file data.pdb (PDB, C-alpha atoms)
ATOM      1  CA  MET M   1      48.554-116.688 -53.707
ATOM      2  CA  THR M   2      46.514-113.757 -52.386
ATOM      3  CA  GLN M   3      48.021-110.440 -53.509
ATOM      4  CA  LEU M   4      51.504-111.783 -54.122
ATOM      5  CA  SER M   5      51.277-113.695 -57.362
ATOM      6  CA  VAL M   6      53.210-114.179 -60.546
ATOM      7  CA  SER M   7      51.814-114.270 -64.044
ATOM      8  CA  ARG M   8      50.611-117.694 -65.159
ATOM      9  CA  PRO M   9      51.889-118.958 -68.510
ATOM     10  CA  ARG M  10      48.538-120.575 -69.314
ATOM     11  CA  GLU M  11      46.981-117.126 -69.740
ATOM     12  CA  ARG M  12      49.093-116.569 -72.836
ATOM     13  CA  GLY M  13      47.423-119.571 -74.440
ATOM     14  CA  ARG M  14      44.022-118.071 -73.770
ATOM     15  CA  GLY M  15      44.995-114.935 -75.635
ATOM     16  CA  GLY M  16      46.820-114.693 -78.927
ATOM     17  CA  GLU M  17      47.437-118.405 -79.560
ATOM     18  CA  ALA M  18      43.852-119.445 -78.895
ATOM     19  CA  ALA M  19      42.489-116.771 -81.163
ATOM     20  CA  ASP M  20      44.707-117.945 -84.033
ATOM     21  CA  ASP M  21      44.232-121.695 -83.555
ATOM     22  CA  PRO M  22      40.563-122.831 -83.383
ATOM     23  CA  ARG M  23      41.611-126.346 -82.272
ATOM     24  CA  LEU M  24      43.505-124.915 -79.298
ATOM     25  CA  ALA M  25      40.551-122.699 -78.424
ATOM     26  CA  HIS M  26      38.223-125.727 -78.553
ATOM     27  CA  ARG M  27      40.495-127.692 -76.204
ATOM     28  CA  ILE M  28      40.605-124.774 -73.761
ATOM     29  CA  ARG M  29      36.805-124.460 -73.760
ATOM     30  CA  HIS M  30      36.041-128.166 -73.488
ATOM     31  CA  GLY M  31      39.009-129.495 -71.506
ATOM     32  CA  ARG M  32      42.507-130.355 -72.643
ATOM     33  CA  ARG M  33      43.012-133.632 -74.486
ATOM     34  CA  LEU M  34      45.804-134.770 -72.122
ATOM     35  CA  GLY M  35      43.872-133.994 -68.951
ATOM     36  CA  PRO M  36      41.610-136.423 -67.073
ATOM     37  CA  GLY M  37      38.510-134.969 -68.727
ATOM     38  CA  ARG M  38      35.275-133.706 -67.252
ATOM     39  CA  ALA M  39      34.106-134.800 -63.821
ATOM     40  CA  VAL M  40      31.784-137.819 -63.793
ATOM     41  CA  PRO M  41      28.392-136.892 -62.285
ATOM     42  CA  GLY M  42      28.081-138.723 -58.981
ATOM     43  CA  GLY M  43      31.521-140.225 -59.529
ATOM     44  CA  LEU M  44      32.315-140.355 -55.817
ATOM     45  CA  ALA M  45      29.382-142.703 -55.227
ATOM     46  CA  LEU M  46      30.130-144.975 -58.181
ATOM     47  CA  GLY M  47      32.673-147.201 -56.392
ATOM     48  CA  PRO M  48      30.555-147.755 -53.246
ATOM     49  CA  VAL M  49      27.487-148.511 -55.393
ATOM     50  CA  LEU M  50      29.406-151.158 -57.355
ATOM     51  CA  LEU M  51      30.627-152.738 -54.104
ATOM     52  CA  LEU M  52      27.074-152.783 -52.764
ATOM     53  CA  LEU M  53      25.822-154.342 -55.994
ATOM     54  CA  ALA M  54      28.472-157.079 -55.808
ATOM     55  CA  TRP M  55      27.495-157.743 -52.182
ATOM     56  CA  VAL M  56      23.802-158.052 -53.116
ATOM     57  CA  VAL M  57      24.465-160.355 -56.079
ATOM     58  CA  THR M  58      26.843-162.707 -54.245
ATOM     59  CA  SER M  59      24.492-162.926 -51.255
ATOM     60  CA  ALA M  60      21.411-163.571 -53.421
ATOM     61  CA  THR M  61      23.141-166.292 -55.452
ATOM     62  CA  GLY M  62      24.597-168.035 -52.398
ATOM     63  CA  LEU M  63      28.208-167.398 -53.415
ATOM     64  CA  LEU M  64      28.706-165.529 -50.143
ATOM     65  CA  ASP M  65      28.122-167.602 -47.018
ATOM     66  CA  PRO M  66      25.928-165.646 -44.520
ATOM     67  CA  GLN M  67      28.126-166.996 -41.720
ATOM     68  CA  THR M  68      31.051-165.227 -43.345
ATOM     69  CA  LEU M  69      29.210-162.004 -44.177
ATOM     70  CA  SER M  70      25.532-161.347 -43.549
ATOM     71  CA  ALA M  71      23.334-160.453 -46.501
ATOM     72  CA  PRO M  72      22.503-156.773 -47.094
ATOM     73  CA  TRP M  73      18.822-157.245 -46.234
ATOM     74  CA  THR M  74      19.788-158.881 -42.937
ATOM     75  CA  VAL M  75      22.057-155.961 -42.126
ATOM     76  CA  VAL M  76      19.276-153.473 -43.008
ATOM     77  CA  ALA M  77      16.846-155.311 -40.723
ATOM     78  CA  THR M  78      19.415-155.306 -37.912
ATOM     79  CA  PHE M  79      20.062-151.622 -38.517
ATOM     80  CA  GLY M  80      16.364-150.950 -38.005
ATOM     81  CA  GLU M  81      16.287-153.012 -34.820
ATOM     82  CA  LEU M  82      19.291-151.169 -33.363
ATOM     83  CA  ILE M  83      17.629-147.839 -34.094
ATOM     84  CA  ALA M  84      14.300-149.021 -32.639
ATOM     85  CA  ASP M  85      15.839-149.999 -29.294
ATOM     86  CA  GLY M  86      18.076-146.899 -29.195
ATOM     87  CA  ARG M  87      21.395-148.735 -29.028
ATOM     88  CA  LEU M  88      22.728-147.371 -32.305
ATOM     89  CA  GLN M  89      21.979-143.703 -31.538
ATOM     90  CA  SER M  90      23.491-143.726 -28.058
ATOM     91  CA  ASN M  91      26.677-145.517 -29.101
ATOM     92  CA  LEU M  92      27.002-143.440 -32.278
ATOM     93  CA  LEU M  93      26.737-140.191 -30.309
ATOM     94  CA  THR M  94      29.562-141.329 -28.030
ATOM     95  CA  SER M  95      31.778-142.241 -31.002
ATOM     96  CA  VAL M  96      31.104-138.957 -32.816
ATOM     97  CA  GLN M  97      31.982-136.979 -29.696
ATOM     98  CA  ARG M  98      35.228-138.875 -29.227
ATOM     99  CA  ALA M  99      36.220-138.518 -32.869
ATOM    100  CA  GLY M 100      35.228-134.837 -33.025
ATOM    101  CA  ILE M 101      37.112-133.751 -29.903
ATOM    102  CA  SER M 102      40.176-135.757 -30.898
ATOM    103  CA  LEU M 103      40.110-134.382 -34.451
ATOM    104  CA  VAL M 104      40.001-130.764 -33.273
ATOM    105  CA  LEU M 105      42.853-131.334 -30.809
ATOM    106  CA  GLY M 106      44.960-133.310 -33.278
ATOM    107  CA  VAL M 107      44.511-130.892 -36.183
ATOM    108  CA  GLY M 108      45.283-127.892 -33.978
ATOM    109  CA  LEU M 109      48.440-129.550 -32.656
ATOM    110  CA  GLY M 110      49.526-130.613 -36.138
ATOM    111  CA  VAL M 111      49.129-127.114 -37.587
ATOM    112  CA  ALA M 112      50.937-125.469 -34.672
ATOM    113  CA  LEU M 113      53.882-127.866 -34.886
ATOM    114  CA  ALA M 114      54.027-127.570 -38.684
ATOM    115  CA  LEU M 115      54.180-123.769 -38.503
ATOM    116  CA  ALA M 116      56.864-123.889 -35.823
ATOM    117  CA  ALA M 117      58.962-126.404 -37.788
ATOM    118  CA  GLY M 118      58.238-124.991 -41.247
ATOM    119  CA  LEU M 119      59.068-121.369 -40.457
ATOM    120  CA  SER M 120      62.067-121.906 -38.185
ATOM    121  CA  ARG M 121      65.180-124.036 -38.540
ATOM    122  CA  VAL M 122      65.418-124.305 -34.760
ATOM    123  CA  GLY M 123      61.783-125.399 -34.584
ATOM    124  CA  GLU M 124      62.378-127.998 -37.275
ATOM    125  CA  ALA M 125      65.413-129.362 -35.442
ATOM    126  CA  LEU M 126      63.418-129.736 -32.222
ATOM    127  CA  ILE M 127      60.096-130.954 -33.639
ATOM    128  CA  ASP M 128      60.563-132.878 -36.866
ATOM    129  CA  GLY M 129      62.584-135.765 -35.445
ATOM    130  CA  PRO M 130      60.136-136.691 -32.655
ATOM    131  CA  VAL M 131      57.173-136.419 -35.059
ATOM    132  CA  GLN M 132      58.877-138.756 -37.527
ATOM    133  CA  ILE M 133      59.449-141.227 -34.676
ATOM    134  CA  LYS M 134      55.763-141.050 -33.748
ATOM    135  CA  ARG M 135      54.873-141.533 -37.411
ATOM    136  CA  ALA M 136      56.762-144.828 -37.423
ATOM    137  CA  VAL M 137      55.071-146.151 -34.284
ATOM    138  CA  PRO M 138      51.495-147.453 -34.780
ATOM    139  CA  THR M 139      48.787-146.334 -32.379
ATOM    140  CA  LEU M 140      48.058-149.916 -31.362
ATOM    141  CA  ALA M 141      51.618-150.312 -30.044
ATOM    142  CA  LEU M 142      51.230-147.266 -27.795
ATOM    143  CA  ILE M 143      47.987-148.358 -26.140
ATOM    144  CA  PRO M 144      49.594-150.472 -23.327
ATOM    145  CA  LEU M 145      51.783-147.539 -22.328
ATOM    146  CA  ALA M 146      48.868-145.097 -22.634
ATOM    147  CA  ILE M 147      46.767-147.278 -20.313
ATOM    148  CA  ILE M 148      49.526-147.173 -17.688
ATOM    149  CA  TRP M 149      49.859-143.382 -18.006
ATOM    150  CA  PHE M 150      46.243-142.272 -18.462
ATOM    151  CA  GLY M 151      44.129-145.225 -17.331
ATOM    152  CA  ILE M 152      41.330-146.760 -19.372
ATOM    153  CA  GLY M 153      38.893-143.840 -19.387
ATOM    154  CA  GLU M 154      37.955-141.232 -21.974
ATOM    155  CA  GLU M 155      41.202-139.297 -21.539
ATOM    156  CA  MET M 156      43.279-142.180 -22.860
ATOM    157  CA  LYS M 157      41.001-142.724 -25.849
ATOM    158  CA  ILE M 158      40.982-139.060 -26.886
ATOM    159  CA  ILE M 159      44.752-138.718 -26.468
ATOM    160  CA  MET M 160      45.404-141.816 -28.573
ATOM    161  CA  ILE M 161      43.146-140.655 -31.396
ATOM    162  CA  ALA M 162      44.587-137.114 -31.335
ATOM    163  CA  ALA M 163      48.116-138.556 -31.380
ATOM    164  CA  SER M 164      47.237-140.424 -34.572
ATOM    165  CA  VAL M 165      45.426-137.483 -36.157
ATOM    166  CA  PHE M 166      48.092-134.787 -35.819
ATOM    167  CA  VAL M 167      50.790-136.651 -37.759
ATOM    168  CA  PRO M 168      49.342-136.400 -41.313
ATOM    169  CA  VAL M 169      48.363-132.757 -40.723
ATOM    170  CA  TYR M 170      51.891-131.957 -39.590
ATOM    171  CA  ILE M 171      53.620-133.911 -42.372
ATOM    172  CA  ASN M 172      51.615-132.411 -45.233
ATOM    173  CA  THR M 173      51.424-128.849 -43.881
ATOM    174  CA  HIS M 174      55.138-128.825 -43.106
ATOM    175  CA  ALA M 175      55.988-130.145 -46.575
ATOM    176  CA  ALA M 176      53.773-127.499 -48.209
ATOM    177  CA  LEU M 177      55.425-124.729 -46.183
ATOM    178  CA  ARG M 178      58.874-125.923 -47.162
ATOM    179  CA  GLY M 179      57.687-126.101 -50.787
ATOM    180  CA  VAL M 180      56.658-122.432 -51.035
ATOM    181  CA  ASP M 181      58.519-120.916 -53.987
ATOM    182  CA  HIS M 182      61.471-118.850 -52.779
ATOM    183  CA  ARG M 183      60.561-116.153 -55.298
ATOM    184  CA  TYR M 184      57.565-115.302 -53.118
ATOM    185  CA  VAL M 185      59.881-114.870 -50.145
ATOM    186  CA  GLU M 186      62.103-112.529 -52.150
ATOM    187  CA  LEU M 187      59.065-110.592 -53.360
ATOM    188  CA  ALA M 188      57.776-110.256 -49.785
ATOM    189  CA  GLU M 189      61.154-108.909 -48.680
ATOM    190  CA  THR M 190      61.221-106.507 -51.623
ATOM    191  CA  VAL M 191      57.820-104.976 -50.810
ATOM    192  CA  GLY M 192      58.722-104.806 -47.117
ATOM    193  CA  LEU M 193      56.286-107.256 -45.554
ATOM    194  CA  SER M 194      56.653-107.855 -41.846
ATOM    195  CA  ARG M 195      57.068-111.368 -40.448
ATOM    196  CA  ALA M 196      53.400-111.518 -39.465
ATOM    197  CA  GLU M 197      52.272-110.263 -42.896
ATOM    198  CA  PHE M 198      54.522-112.764 -44.635
ATOM    199  CA  ILE M 199      52.983-115.621 -42.652
ATOM    200  CA  ARG M 200      49.423-114.399 -43.280
ATOM    201  CA  ARG M 201      49.732-113.490 -46.959
ATOM    202  CA  VAL M 202      52.358-115.931 -48.256
ATOM    203  CA  ALA M 203      53.139-118.845 -45.921
ATOM    204  CA  LEU M 204      49.603-119.773 -44.868
ATOM    205  CA  PRO M 205      48.056-119.601 -48.377
ATOM    206  CA  GLY M 206      50.993-121.620 -49.682
ATOM    207  CA  ALA M 207      50.490-124.269 -47.007
ATOM    208  CA  LEU M 208      46.723-124.647 -47.575
ATOM    209  CA  PRO M 209      46.933-127.398 -50.254
ATOM    210  CA  GLY M 210      49.118-129.528 -47.993
ATOM    211  CA  PHE M 211      46.954-128.790 -44.966
ATOM    212  CA  PHE M 212      43.798-129.997 -46.718
ATOM    213  CA  THR M 213      45.556-133.172 -47.862
ATOM    214  CA  GLY M 214      46.571-133.838 -44.273
ATOM    215  CA  LEU M 215      43.091-132.980 -43.016
ATOM    216  CA  ARG M 216      41.487-135.511 -45.364
ATOM    217  CA  LEU M 217      43.840-138.199 -44.105
ATOM    218  CA  SER M 218      43.228-137.174 -40.499
ATOM    219  CA  VAL M 219      39.450-137.443 -40.815
ATOM    220  CA  THR M 220      39.838-141.031 -41.985
ATOM    221  CA  ILE M 221      42.511-141.861 -39.416
ATOM    222  CA  SER M 222      40.348-140.518 -36.584
ATOM    223  CA  TRP M 223      37.742-143.187 -37.343
ATOM    224  CA  ILE M 224      40.382-145.896 -37.770
ATOM    225  CA  ALA M 225      41.936-145.032 -34.404
ATOM    226  CA  LEU M 226      38.466-144.875 -32.889
ATOM    227  CA  VAL M 227      37.852-148.500 -33.879
ATOM    228  CA  VAL M 228      40.997-149.503 -31.987
ATOM    229  CA  VAL M 229      40.492-147.546 -28.761
ATOM    230  CA  GLU M 230      36.782-148.360 -28.483
ATOM    231  CA  GLN M 231      37.660-152.014 -28.208
ATOM    232  CA  VAL M 232      39.875-151.400 -25.159
ATOM    233  CA  ASN M 233      37.672-151.758 -22.082
ATOM    234  CA  ALA M 234      35.025-149.409 -23.497
ATOM    235  CA  THR M 235      31.436-149.393 -22.256
ATOM    236  CA  SER M 236      29.958-147.398 -25.117
ATOM    237  CA  GLY M 237      30.608-146.479 -28.739
ATOM    238  CA  ILE M 238      30.301-148.243 -32.074
ATOM    239  CA  GLY M 239      33.519-150.168 -31.421
ATOM    240  CA  TYR M 240      32.111-151.438 -28.128
ATOM    241  CA  LEU M 241      28.924-152.500 -29.922
ATOM    242  CA  MET M 242      31.008-154.431 -32.474
ATOM    243  CA  THR M 243      33.091-156.077 -29.733
ATOM    244  CA  GLN M 244      29.964-157.312 -27.996
ATOM    245  CA  ALA M 245      28.627-158.626 -31.317
ATOM    246  CA  ARG M 246      31.889-160.468 -31.963
ATOM    247  CA  THR M 247      31.551-162.226 -28.624
ATOM    248  CA  TYR M 248      28.154-163.608 -29.615
ATOM    249  CA  GLY M 249      28.957-164.203 -33.285
ATOM    250  CA  GLN M 250      26.516-161.529 -34.531
ATOM    251  CA  THR M 251      28.142-160.681 -37.861
ATOM    252  CA  GLU M 252      25.198-158.519 -38.929
ATOM    253  CA  ILE M 253      25.836-156.076 -36.055
ATOM    254  CA  ILE M 254      29.541-156.030 -36.890
ATOM    255  CA  VAL M 255      28.679-155.128 -40.498
ATOM    256  CA  VAL M 256      26.326-152.376 -39.274
ATOM    257  CA  GLY M 257      29.237-150.918 -37.295
ATOM    258  CA  LEU M 258      31.546-151.118 -40.290
ATOM    259  CA  VAL M 259      28.959-149.419 -42.494
ATOM    260  CA  VAL M 260      28.550-146.624 -39.939
ATOM    261  CA  TYR M 261      32.313-146.097 -39.754
ATOM    262  CA  ALA M 262      32.579-146.112 -43.555
ATOM    263  CA  ALA M 263      29.641-143.726 -43.983
ATOM    264  CA  PHE M 264      30.994-141.193 -41.514
ATOM    265  CA  GLY M 265      34.477-141.446 -42.998
ATOM    266  CA  LEU M 266      33.108-140.878 -46.510
ATOM    267  CA  VAL M 267      30.892-137.978 -45.416
ATOM    268  CA  GLY M 268      33.791-136.374 -43.553
ATOM    269  CA  ASP M 269      36.086-136.690 -46.550
ATOM    270  CA  THR M 270      33.412-135.253 -48.854
ATOM    271  CA  LEU M 271      32.917-132.230 -46.591
ATOM    272  CA  VAL M 272      36.655-131.567 -46.418
ATOM    273  CA  ARG M 273      36.948-131.816 -50.204
ATOM    274  CA  ALA M 274      34.067-129.356 -50.642
ATOM    275  CA  ILE M 275      35.722-126.890 -48.257
ATOM    276  CA  GLU M 276      39.035-127.416 -50.049
ATOM    277  CA  ARG M 277      37.533-126.626 -53.453
ATOM    278  CA  ARG M 278      36.016-123.433 -52.086
ATOM    279  CA  ALA M 279      39.122-122.331 -50.190
ATOM    280  CA  LEU M 280      41.441-123.103 -53.131
ATOM    281  CA  SER M 281      39.169-121.874 -55.919
ATOM    282  CA  TRP M 282      42.013-119.640 -57.098
ATOM    283  CA  ARG M 283      44.107-122.684 -57.979
ATOM    284  CA  ARG M 284      44.077-124.292 -61.434
ATOM    285  CA  THR M 285      45.195-127.937 -61.339
ATOM    286  CA  LEU M 286      44.821-131.139 -63.331
ATOM    287  CA  GLY M 287      41.806-132.091 -61.239
ATOM    288  CA  SER M 288      40.038-128.733 -61.583
TER     289      SER M 288
END
call {"tool": "encode", "arguments": {"input": "data.pdb", "output": "structure tokens"}}
result
Amino acid sequence: MTQLSVSRPRERGRGGEAADDPRLAHRIRHGRRLGPGRAVPGGLALGPVLLLLAWVVTSATGLLDPQTLSAPWTVVATFGELIADGRLQSNLLTSVQRAGISLVLGVGLGVALALAAGLSRVGEALIDGPVQIKRAVPTLALIPLAIIWFGIGEEMKIIMIAASVFVPVYINTHAALRGVDHRYVELAETVGLSRAEFIRRVALPGALPGFFTGLRLSVTISWIALVVVEQVNATSGIGYLMTQARTYGQTEIIVVGLVVYAAFGLVGDTLVRAIERRALSWRRTLGS
């Protein structure tokens, strides 16, 4: 991790052993036999494509009742109509703004609390308990109280989403900080690093894997929480559009909303994973 690192045992296998054993050298070059193997090209899209194919087939053969779930071509036509009259763009912009603001606030709060609790016993004693209580309470259960405190406007919606988002960031970042090998701490003390240098060069790099795990969960949770709060006296947003469609039994519009939520959640997760691979390129893991 940055300049403070220990020798990795795997490098020995790339040296003398590999040169003497051609089978070992072949496994190193082409992937170890016990590992998961090479990445599947377009593997991330394989599952969604199979689900879409199953949806198309069951709709075309009549196995899936259109009253239960509209056919894909009906949803595509509805999607085009919503774009043509501008309803989809305006509501989508509102939802993206809510999710984006809440995500930034929640992630910032989660990281700050994780650093305070992970680097200080006093901070952990003050912070960890309340966060664990919040973790056990679902967002939906807090909405009545939030309405009393903050009203039914944008403030309540953003606070509720941020309150859901910060928990996975805190949990995973805090766990990663507590999991930093104590040998790095001893090495930092030996070379005379200050507290600030230790945090910058040891603690933060060590917490990055946990932070990115929490960030991936938070991106998904922000959209899940958005679905909930946008159905509470909202006048705009994808959730509001779906609520109106439910009132009139328009399942095709509901499916359009679900597809939009799923697409943005998948795109967000893909972006975070790409950033994670770049930021943690120094790490060699089973999934590398």
call {"tool": "atom_distance", "arguments": {"input": "data.pdb", "atom1": "CA of Leu53 (chain M)", "atom2": "CA of Trp73 (chain M)"}}
result
12.4 Å
call {"tool": "resolve_selection", "arguments": {"input": "data.pdb", "expression": "the PyMOL selection byres ((chain M and resi 207) around 6)", "output": "MDAnalysis selection string"}}
result
chainID M and resid 173 176:177 204:206 208:210
call {"tool": "residues_around", "arguments": {"input": "data.pdb", "residues": "region 142-159 of chain M", "least_positions_apart": "3", "cutoff": "6 Å", "atoms": "only C-alpha atoms", "output": "ChimeraX atom specification"}}
result
/M:102,139,162-163,229
call {"tool": "closest_residue", "arguments": {"input": "data.pdb", "among": "M:Ala71, M:Ala54, M:Ile101, M:Val219", "to": "Arg273 (chain M)", "atoms": "all atoms listed in the file"}}
result
M:Val219
call {"tool": "axis_aligned_box", "arguments": {"input": "data.pdb", "around": "region 67-84 of chain M", "padding_each_side": "3 Å", "output": "AutoDock Vina command-line options"}}
result
--center_x 22.7 --center_y -157.4 --center_z -39.9 --size_x 22.8 --size_y 25.2 --size_z 20.5
call {"tool": "atom_distance", "arguments": {"input": "data.pdb", "atom1": "CA of Asn172 (chain M)", "atom2": "CA of Tyr261 (chain M)"}}
result
24.3 Å
call {"tool": "residues_around", "arguments": {"input": "data.pdb", "residues": "Gly214 (chain M)", "least_positions_apart": "5", "cutoff": "12 Å", "atoms": "only C-alpha atoms", "output": "PyMOL selection string"}}
result
chain M and resi 103+106-108+110-111+114+164-176+207-209+219-222+269+272-273+276
call {"tool": "atom_distance", "arguments": {"input": "data.pdb", "atom1": "CA of Val76 (chain M)", "atom2": "CA of Val259 (chain M)"}}
result
10.5 Å
call {"tool": "residues_around", "arguments": {"input": "data.pdb", "residues": "Ser95 (chain M)", "least_positions_apart": "6", "cutoff": "12 Å", "atoms": "all atoms listed in the file", "output": "PyMOL selection string"}}
result
chain M and resi 88-89+101-103+154+157-158+161+222-231+234-241+257+260-261+264
call {"tool": "residues_near_point", "arguments": {"input": "data.pdb", "point": "(20.6, -153.1, -40.1)", "cutoff": "12 Å", "atoms": "only C-alpha atoms", "output": "list in words"}}
result
Ser70, Ala71, Pro72, Trp73, Thr74, Val75, Val76, Ala77, Thr78, Phe79, Gly80, Glu81, Leu82, Ile83, Ala84, Arg87, Leu88, Gln250, Thr251, Glu252, Ile253, Ile254, Val255, Val256, Gly257, Leu258, Val259 and Val260 of chain M
call {"tool": "closest_residue", "arguments": {"input": "data.pdb", "among": "M:Glu197, M:Gly192, M:Leu266, M:Leu280", "to": "Phe212 (chain M)", "atoms": "only C-alpha atoms"}}
result
M:Leu280
call {"tool": "build_atoms", "arguments": {"input": "data.pdb", "residues": "region 129-147 of chain M", "atoms": "N, CA, C and O atoms", "output": "PDB file, in the frame of the given file"}}
result
ATOM      1  N   GLY M 129      62.105-134.429 -35.804  1.00  0.00           N
ATOM      2  CA  GLY M 129      62.584-135.765 -35.445  1.00  0.00           C
ATOM      3  C   GLY M 129      61.593-136.545 -34.594  1.00  0.00           C
ATOM      4  O   GLY M 129      61.226-137.682 -34.928  1.00  0.00           O
ATOM      5  N   PRO M 130      61.125-135.973 -33.460  1.00  0.00           N
ATOM      6  CA  PRO M 130      60.136-136.691 -32.655  1.00  0.00           C
ATOM      7  C   PRO M 130      58.853-137.025 -33.414  1.00  0.00           C
ATOM      8  O   PRO M 130      58.268-138.099 -33.195  1.00  0.00           O
ATOM      9  N   VAL M 131      58.396-136.135 -34.294  1.00  0.00           N
ATOM     10  CA  VAL M 131      57.173-136.419 -35.059  1.00  0.00           C
ATOM     11  C   VAL M 131      57.406-137.594 -36.007  1.00  0.00           C
ATOM     12  O   VAL M 131      56.533-138.455 -36.176  1.00  0.00           O
ATOM     13  N   GLN M 132      58.574-137.646 -36.624  1.00  0.00           N
ATOM     14  CA  GLN M 132      58.877-138.756 -37.527  1.00  0.00           C
ATOM     15  C   GLN M 132      58.951-140.077 -36.758  1.00  0.00           C
ATOM     16  O   GLN M 132      58.567-141.134 -37.286  1.00  0.00           O
ATOM     17  N   ILE M 133      59.433-140.020 -35.508  1.00  0.00           N
ATOM     18  CA  ILE M 133      59.449-141.227 -34.676  1.00  0.00           C
ATOM     19  C   ILE M 133      58.025-141.673 -34.383  1.00  0.00           C
ATOM     20  O   ILE M 133      57.689-142.853 -34.494  1.00  0.00           O
ATOM     21  N   LYS M 134      57.167-140.716 -34.006  1.00  0.00           N
ATOM     22  CA  LYS M 134      55.763-141.050 -33.748  1.00  0.00           C
ATOM     23  C   LYS M 134      55.097-141.606 -35.000  1.00  0.00           C
ATOM     24  O   LYS M 134      54.279-142.530 -34.933  1.00  0.00           O
ATOM     25  N   ARG M 135      55.441-141.065 -36.140  1.00  0.00           N
ATOM     26  CA  ARG M 135      54.873-141.533 -37.411  1.00  0.00           C
ATOM     27  C   ARG M 135      55.180-143.004 -37.642  1.00  0.00           C
ATOM     28  O   ARG M 135      54.362-143.736 -38.216  1.00  0.00           O
ATOM     29  N   ALA M 136      56.349-143.446 -37.189  1.00  0.00           N
ATOM     30  CA  ALA M 136      56.762-144.828 -37.423  1.00  0.00           C
ATOM     31  C   ALA M 136      56.188-145.810 -36.405  1.00  0.00           C
ATOM     32  O   ALA M 136      56.270-147.021 -36.603  1.00  0.00           O
ATOM     33  N   VAL M 137      55.606-145.283 -35.327  1.00  0.00           N
ATOM     34  CA  VAL M 137      55.071-146.151 -34.284  1.00  0.00           C
ATOM     35  C   VAL M 137      53.554-146.204 -34.409  1.00  0.00           C
ATOM     36  O   VAL M 137      52.890-145.175 -34.300  1.00  0.00           O
ATOM     37  N   PRO M 138      52.957-147.369 -34.647  1.00  0.00           N
ATOM     38  CA  PRO M 138      51.495-147.453 -34.780  1.00  0.00           C
ATOM     39  C   PRO M 138      50.789-147.184 -33.457  1.00  0.00           C
ATOM     40  O   PRO M 138      51.333-147.443 -32.374  1.00  0.00           O
ATOM     41  N   THR M 139      49.568-146.666 -33.567  1.00  0.00           N
ATOM     42  CA  THR M 139      48.787-146.334 -32.379  1.00  0.00           C
ATOM     43  C   THR M 139      48.567-147.556 -31.493  1.00  0.00           C
ATOM     44  O   THR M 139      48.632-147.472 -30.259  1.00  0.00           O
ATOM     45  N   LEU M 140      48.330-148.704 -32.120  1.00  0.00           N
ATOM     46  CA  LEU M 140      48.058-149.916 -31.362  1.00  0.00           C
ATOM     47  C   LEU M 140      49.223-150.267 -30.436  1.00  0.00           C
ATOM     48  O   LEU M 140      49.010-150.767 -29.320  1.00  0.00           O
ATOM     49  N   ALA M 141      50.455-149.984 -30.871  1.00  0.00           N
ATOM     50  CA  ALA M 141      51.618-150.312 -30.044  1.00  0.00           C
ATOM     51  C   ALA M 141      51.744-149.396 -28.836  1.00  0.00           C
ATOM     52  O   ALA M 141      52.398-149.754 -27.847  1.00  0.00           O
ATOM     53  N   LEU M 142      51.130-148.216 -28.895  1.00  0.00           N
ATOM     54  CA  LEU M 142      51.230-147.266 -27.795  1.00  0.00           C
ATOM     55  C   LEU M 142      50.155-147.456 -26.734  1.00  0.00           C
ATOM     56  O   LEU M 142      50.240-146.879 -25.653  1.00  0.00           O
ATOM     57  N   ILE M 143      49.127-148.229 -27.051  1.00  0.00           N
ATOM     58  CA  ILE M 143      47.987-148.358 -26.140  1.00  0.00           C
ATOM     59  C   ILE M 143      48.382-148.925 -24.769  1.00  0.00           C
ATOM     60  O   ILE M 143      47.940-148.399 -23.738  1.00  0.00           O
ATOM     61  N   PRO M 144      49.220-149.985 -24.679  1.00  0.00           N
ATOM     62  CA  PRO M 144      49.594-150.472 -23.327  1.00  0.00           C
ATOM     63  C   PRO M 144      50.245-149.397 -22.471  1.00  0.00           C
ATOM     64  O   PRO M 144      49.936-149.272 -21.281  1.00  0.00           O
ATOM     65  N   LEU M 145      51.132-148.613 -23.075  1.00  0.00           N
ATOM     66  CA  LEU M 145      51.783-147.539 -22.328  1.00  0.00           C
ATOM     67  C   LEU M 145      50.787-146.443 -21.964  1.00  0.00           C
ATOM     68  O   LEU M 145      50.826-145.887 -20.853  1.00  0.00           O
ATOM     69  N   ALA M 146      49.873-146.136 -22.897  1.00  0.00           N
ATOM     70  CA  ALA M 146      48.868-145.097 -22.634  1.00  0.00           C
ATOM     71  C   ALA M 146      47.936-145.510 -21.496  1.00  0.00           C
ATOM     72  O   ALA M 146      47.511-144.668 -20.700  1.00  0.00           O
ATOM     73  N   ILE M 147      47.618-146.796 -21.398  1.00  0.00           N
ATOM     74  CA  ILE M 147      46.767-147.278 -20.313  1.00  0.00           C
ATOM     75  C   ILE M 147      47.464-147.094 -18.965  1.00  0.00           C
ATOM     76  O   ILE M 147      46.838-146.690 -17.973  1.00  0.00           O
TER      77      ILE M 147
END
